$ cat data-v8.pdb   # PDB, C-alpha atoms
ATOM      1  CA  MET D 273      69.487 112.309  75.563
ATOM      2  CA  SER D 274      69.078 109.951  72.600
ATOM      3  CA  LYS D 275      72.532 111.129  71.471
ATOM      4  CA  ARG D 276      73.885 109.719  74.706
ATOM      5  CA  LEU D 277      72.218 106.380  73.918
ATOM      6  CA  GLU D 278      73.701 106.475  70.408
ATOM      7  CA  LYS D 279      77.165 107.119  71.853
ATOM      8  CA  GLU D 280      76.745 104.301  74.373
ATOM      9  CA  LYS D 281      75.651 101.979  71.552
ATOM     10  CA  ASP D 282      78.694 102.935  69.441
ATOM     11  CA  THR D 283      81.019 102.242  72.389
ATOM     12  CA  LYS D 284      79.478  98.805  72.962
ATOM     13  CA  ILE D 285      79.567  97.919  69.251
ATOM     14  CA  SER D 286      83.178  99.004  69.010
ATOM     15  CA  ALA D 287      84.092  96.871  72.062
ATOM     16  CA  ILE D 288      82.269  93.834  70.606
ATOM     17  CA  SER D 289      83.930  94.331  67.199
ATOM     18  CA  MET D 290      87.354  94.530  68.822
ATOM     19  CA  LYS D 291      86.657  91.338  70.724
ATOM     20  CA  GLN D 292      85.530  89.660  67.497
ATOM     21  CA  LYS D 293      88.775  90.695  65.776
ATOM     22  CA  ASP D 294      90.800  89.347  68.706
ATOM     23  CA  LEU D 295      88.889  86.066  68.578
ATOM     24  CA  GLN D 296      89.407  85.696  64.834
ATOM     25  CA  LYS D 297      93.118  86.443  65.299
ATOM     26  CA  ASN D 298      93.386  83.849  68.067
ATOM     27  CA  ILE D 299      91.446  81.245  66.081
ATOM     28  CA  LYS D 300      93.877  81.783  63.173
ATOM     29  CA  LEU D 301      96.874  81.600  65.525
ATOM     30  CA  LEU D 302      95.623  78.365  67.078
ATOM     31  CA  GLY D 303      94.864  76.906  63.640
ATOM     32  CA  ASN D 304      98.404  77.659  62.459
ATOM     33  CA  THR D 305      99.883  76.237  65.666
ATOM     34  CA  LYS D 306      97.849  73.080  65.196
ATOM     35  CA  ILE D 307      99.168  72.686  61.633
ATOM     36  CA  GLU D 308     102.764  73.221  62.806
ATOM     37  CA  LEU D 309     102.354  70.685  65.603
ATOM     38  CA  ASN D 310     100.859  68.115  63.246
ATOM     39  CA  GLU D 311     103.722  68.667  60.799
ATOM     40  CA  GLN D 312     106.215  68.284  63.632
ATOM     41  CA  ILE D 313     104.654  65.012  64.782
ATOM     42  CA  ASN D 314     103.978  63.500  61.363
ATOM     43  CA  GLY D 315     106.818  64.980  59.278
ATOM     44  CA  GLY D 316     109.782  65.526  61.605
ATOM     45  CA  SER D 317     111.881  62.858  63.199
ATOM     46  CA  LYS D 318     110.639  61.442  66.498
ATOM     47  CA  ILE D 319     113.926  62.247  68.271
ATOM     48  CA  GLU D 320     113.740  65.863  67.124
ATOM     49  CA  THR D 321     110.123  66.127  68.300
ATOM     50  CA  VAL D 322     110.914  64.675  71.712
ATOM     51  CA  GLU D 323     113.870  67.066  72.059
ATOM     52  CA  LYS D 324     111.731  70.057  71.155
ATOM     53  CA  SER D 325     108.636  68.944  73.096
ATOM     54  CA  ARG D 326     109.486  70.812  76.319
ATOM     55  CA  GLU D 327     110.032  74.054  74.409
ATOM     56  CA  ILE D 328     106.854  73.539  72.355
ATOM     57  CA  LEU D 329     104.745  72.871  75.466
ATOM     58  CA  LYS D 330     106.131  75.976  77.197
ATOM     59  CA  GLN D 331     105.231  78.107  74.149
ATOM     60  CA  LEU D 332     101.737  76.591  74.093
ATOM     61  CA  GLN D 333     101.184  77.316  77.781
ATOM     62  CA  ASP D 334     102.221  80.971  77.343
ATOM     63  CA  MET D 335      99.930  81.319  74.339
ATOM     64  CA  LYS D 336      96.987  79.736  76.232
ATOM     65  CA  LYS D 337      97.445  82.084  79.200
ATOM     66  CA  ASN D 338      97.329  85.087  76.872
ATOM     67  CA  ILE D 339      94.212  83.804  75.102
ATOM     68  CA  GLU D 340      92.351  82.935  78.336
ATOM     69  CA  MET D 341      92.888  86.475  79.608
ATOM     70  CA  GLN D 342      91.302  87.937  76.480
ATOM     71  CA  VAL D 343      88.311  85.574  76.468
ATOM     72  CA  SER D 344      87.406  86.205  80.109
ATOM     73  CA  ASP D 345      86.533  89.908  79.572
ATOM     74  CA  SER D 346      82.797  90.223  79.003
ATOM     75  CA  ILE D 347      80.881  93.176  77.588
ATOM     76  CA  CYS D 348      77.804  94.558  79.351
ATOM     77  CA  LEU D 349      74.897  94.787  76.891
ATOM     78  CA  ASP D 350      72.600  96.804  79.157
ATOM     79  CA  PHE D 351      72.122 100.522  78.581
ATOM     80  CA  SER D 352      71.860 103.030  81.387
ATOM     81  CA  SER D 353      68.212 104.086  81.657
ATOM     82  CA  GLU D 354      67.286 107.657  80.733
ATOM     83  CA  VAL D 355      64.027 107.301  82.679
ATOM     84  CA  VAL D 356      64.765 105.160  85.720
ATOM     85  CA  PRO D 357      67.786 106.370  87.712
ATOM     86  CA  GLU D 358      70.408 103.872  88.727
ATOM     87  CA  PHE D 359      69.931 102.180  92.085
ATOM     88  CA  GLU D 360      71.789 103.901  94.888
ATOM     89  CA  SER D 361      72.132 102.970  98.520
ATOM     90  CA  ALA D 362      73.548 104.436 101.714
ATOM     91  CA  ILE D 363      74.249 103.415 105.285
ATOM     92  CA  PHE D 364      72.933 105.662 108.039
ATOM     93  CA  ASN D 365      74.488 105.558 111.490
ATOM     94  CA  PHE D 366      72.658 107.024 114.473
ATOM     95  CA  LYS D 367      74.771 107.717 117.543
ATOM     96  CA  ASN D 368      73.378 106.740 120.951
ATOM     97  CA  PHE D 369      70.265 105.319 119.296
ATOM     98  CA  SER D 370      69.251 103.310 122.387
ATOM     99  CA  SER D 371      69.099 106.464 124.533
ATOM    100  CA  HIS D 372      66.219 107.697 122.329
ATOM    101  CA  LEU D 373      64.151 104.510 122.600
ATOM    102  CA  ASN D 374      61.844 105.826 125.325
ATOM    103  CA  SER D 375      61.462 109.349 124.005
ATOM    104  CA  THR D 376      58.915 110.804 121.574
ATOM    105  CA  GLU D 377      61.660 112.660 119.702
ATOM    106  CA  PHE D 378      62.619 111.955 116.150
ATOM    107  CA  LEU D 379      66.085 111.829 114.590
ATOM    108  CA  TYR D 380      67.259 112.929 111.165
ATOM    109  CA  SER D 381      69.871 111.046 109.205
ATOM    110  CA  GLU D 382      72.656 112.668 107.235
ATOM    111  CA  PRO D 383      71.354 113.715 103.790
ATOM    112  CA  ILE D 384      71.925 111.582 100.706
ATOM    113  CA  HIS D 385      72.121 113.153  97.232
ATOM    114  CA  SER D 386      70.882 111.238  94.220
ATOM    115  CA  ASN D 387      70.231 112.525  90.686
ATOM    116  CA  GLY D 388      69.736 116.133  91.787
ATOM    117  CA  VAL D 389      67.461 115.220  94.713
ATOM    118  CA  GLN D 390      68.375 115.368  98.389
ATOM    119  CA  TRP D 391      66.827 112.819 100.754
ATOM    120  CA  ARG D 392      67.037 112.125 104.465
ATOM    121  CA  LEU D 393      65.471 109.686 106.910
ATOM    122  CA  LYS D 394      63.202 110.860 109.719
ATOM    123  CA  VAL D 395      63.297 108.197 112.402
ATOM    124  CA  TYR D 396      61.070 107.850 115.467
ATOM    125  CA  PRO D 397      62.937 105.299 117.613
ATOM    126  CA  ASN D 398      59.868 104.783 119.791
ATOM    127  CA  GLY D 399      57.404 104.791 116.911
ATOM    128  CA  SER D 400      54.992 107.397 115.515
ATOM    129  CA  GLY D 401      51.170 107.422 115.456
ATOM    130  CA  SER D 402      49.655 103.965 115.921
ATOM    131  CA  ALA D 403      53.167 102.460 116.038
ATOM    132  CA  LYS D 404      54.081 104.541 119.112
ATOM    133  CA  GLY D 405      55.556 102.395 121.873
ATOM    134  CA  SER D 406      55.564  99.229 119.722
ATOM    135  CA  TYR D 407      57.605  99.761 116.577
ATOM    136  CA  ILE D 408      60.251 102.013 115.102
ATOM    137  CA  SER D 409      58.865 104.421 112.445
ATOM    138  CA  VAL D 410      60.984 105.507 109.514
ATOM    139  CA  PHE D 411      59.999 108.158 106.949
ATOM    140  CA  LEU D 412      61.890 109.148 103.821
ATOM    141  CA  GLU D 413      61.856 112.905 103.251
ATOM    142  CA  MET D 414      62.680 114.701 100.037
ATOM    143  CA  THR D 415      64.353 117.883 101.232
ATOM    144  CA  GLU D 416      65.741 119.517  98.107
ATOM    145  CA  VAL D 417      65.298 119.252  94.345
ATOM    146  CA  ARG D 418      67.713 120.816  91.939
ATOM    147  CA  GLY D 419      66.316 121.463  88.466
TER     148      GLY D 419
ATOM    149  CA  MET H 146     104.724  63.139  72.015
ATOM    150  CA  ASN H 147     101.569  62.210  73.878
ATOM    151  CA  GLU H 148     101.559  65.541  75.645
ATOM    152  CA  ILE H 149     101.724  67.339  72.302
ATOM    153  CA  ARG H 150      98.882  65.182  70.958
ATOM    154  CA  THR H 151      96.832  66.126  74.029
ATOM    155  CA  GLU H 152      97.647  69.770  73.366
ATOM    156  CA  ILE H 153      96.434  69.411  69.776
ATOM    157  CA  ASP H 154      93.139  68.043  71.133
ATOM    158  CA  ASN H 155      92.955  70.975  73.525
ATOM    159  CA  ILE H 156      93.596  73.384  70.676
ATOM    160  CA  ASN H 157      90.751  71.833  68.692
ATOM    161  CA  GLU H 158      88.462  72.236  71.680
ATOM    162  CA  THR H 159      89.539  75.857  72.220
ATOM    163  CA  ILE H 160      88.992  76.673  68.540
ATOM    164  CA  GLU H 161      85.477  75.230  68.795
ATOM    165  CA  ILE H 162      84.698  77.301  71.912
ATOM    166  CA  MET H 163      86.122  80.432  70.305
ATOM    167  CA  THR H 164      84.080  79.882  67.154
ATOM    168  CA  GLN H 165      80.965  79.611  69.333
ATOM    169  CA  ASP H 166      82.010  82.788  71.188
ATOM    170  CA  ALA H 167      82.399  84.596  67.870
ATOM    171  CA  GLY H 168      78.828  83.543  67.023
ATOM    172  CA  LYS H 169      77.624  84.832  70.388
ATOM    173  CA  LEU H 170      79.328  88.165  69.733
ATOM    174  CA  ASP H 171      77.391  88.431  66.455
ATOM    175  CA  GLN H 172      74.210  87.928  68.486
ATOM    176  CA  ASN H 173      75.454  90.545  70.967
ATOM    177  CA  LEU H 174      75.732  93.087  68.159
ATOM    178  CA  ASP H 175      72.051  92.513  67.301
ATOM    179  CA  GLU H 176      71.118  92.588  70.983
ATOM    180  CA  VAL H 177      72.841  95.955  71.512
ATOM    181  CA  GLN H 178      70.863  97.463  68.610
ATOM    182  CA  LYS H 179      67.642  95.986  70.006
ATOM    183  CA  ARG H 180      68.240  97.215  73.558
ATOM    184  CA  LYS H 181      69.124 100.693  72.333
ATOM    185  CA  GLN H 182      65.851 100.850  70.364
ATOM    186  CA  ILE H 183      63.913  99.799  73.487
ATOM    187  CA  LYS H 184      65.551 102.602  75.493
ATOM    188  CA  VAL H 185      64.828 105.159  72.743
ATOM    189  CA  LYS H 186      61.153 104.096  72.679
ATOM    190  CA  GLU H 187      61.014 104.240  76.486
ATOM    191  CA  LEU H 188      62.404 107.770  76.362
ATOM    192  CA  GLN H 189      60.003 108.863  73.609
ATOM    193  CA  THR H 190      57.008 107.540  75.561
ATOM    194  CA  VAL H 191      58.037 109.498  78.656
ATOM    195  CA  LEU H 192      58.679 112.692  76.676
ATOM    196  CA  GLU H 193      55.239 112.403  75.041
ATOM    197  CA  GLN H 194      53.639 112.086  78.457
ATOM    198  CA  VAL H 195      55.427 115.139  79.878
TER     199      VAL H 195
END
$ encode --input "data-v8.pdb" --output "structure tokens"
Amino acid sequence: MSKRLEKEKDTKISAISMKQKDLQKNIKLLGNTKIELNEQINGGSKIETVEKSREILKQLQDMKKNIEMQVSDSICLDFSSEVVPEFESAIFNFKNFSSHLNSTEFLYSEPIHSNGVQWRLKVYPNGSGSAKGSYISVFLEMTEVRG
Amino acid sequence: MNEIRTEIDNINETIEIMTQDAGKLDQNLDEVQKRKQIKVKELQTVLEQV
């Protein structure tokens, strides 16, 4: 199990390292672009700069779009727990539920499987024990465990 | 010309943000190591109890 954690750690570190490399590459690219733009403004003729400005701005916009896409991806730092299973949920639908409201019968839900364990709901629409006639009673039953 | 100057300012700002992000990623590397150690300890404690 600790091998799985080690593998998960390696995957996360590799993803972070790749992102770092991308960032460094983009920082360098932006730095170079900045130098070129400064040279264009300060060194080149004004007419030439004005003529090229539309093309330069288009190139900058394309570059920015590409960079924004890379920056927006975030890396999840959390590890999956070896002890606490991941949260799972389900929706249970009971047909003709209102027709059972005045009876003492109970209903079973469809089973749900989670981490090798099978669960189901036992529902008394008209209540069970001291809740009878006043409240709905719901019990969670563990019906099967696979080793 | 002015638009290009504005773009240069934007580039400076982006470089600053990216440099900060790079710093955060360094912290993330440490954080991943730390969180993995916590999970390993958590696992060891449970195994000792079993």
$ atom_distance --input "data-v8.pdb" --atom1 "atom CA of D:Val355" --atom2 "atom CA of D:Arg276"
12.9 Å
$ atom_distance --input "data-v8.pdb" --atom1 "atom CA of D:Tyr396" --atom2 "atom CA of D:Glu413"
13.2 Å
$ atom_distance --input "data-v8.pdb" --atom1 "atom CA of D:Leu379" --atom2 "atom CA of D:Ser406"
17.2 Å
$ residues_around --input "data-v8.pdb" --residues "D:Val389" --least-positions-apart "3" --cutoff "8 Å" --atoms "only C-alpha atoms" --output "MDAnalysis selection string"
chainID D and resid 385:386 414:418
$ interface_residues --input "data-v8.pdb" --of "chain H" --to "chain D" --cutoff "9 Å" --atoms "all atoms listed in the file" --output "MDAnalysis selection string"
chainID H and resid 146 148:150 152:153 156:157 159:161 163:164 166:167 170:171 173:174 176:178 180:181 184:185 187:188 191
$ axis_aligned_box --input "data-v8.pdb" --around "stretch 165-168 of chain H" --padding-each-side "4 Å" --output "JSON"
{"center_x": 80.6, "center_y": 82.1, "center_z": 69.1, "size_x": 11.6, "size_y": 13.0, "size_z": 12.2}
$ residues_around --input "data-v8.pdb" --residues "D:Lys394" --least-positions-apart "5" --cutoff "7 Å" --atoms "only C-alpha atoms" --output "list in words"
Phe378, Leu379, Tyr380, Ser381, Val410, Phe411, Leu412 and Glu413 of chain D
$ closest_residue --input "data-v8.pdb" --among "D:Ser317, D:Ser409, D:Gln331, D:Thr376" --to "D:Leu393" --atoms "only C-alpha atoms"
D:Ser409
$ residues_around --input "data-v8.pdb" --residues "D:Ala362" --least-positions-apart "5" --cutoff "10 Å" --atoms "all atoms listed in the file" --output "list in words"
Glu382, Pro383, Ile384 and His385 of chain D
$ resolve_selection --input "data-v8.pdb" --expression "the PyMOL selection byres ((chain D and resi 364-373) around 6)" --output "list in words"
Ile363, Asn374, Ser375, Pro397 and Asn398 of chain D
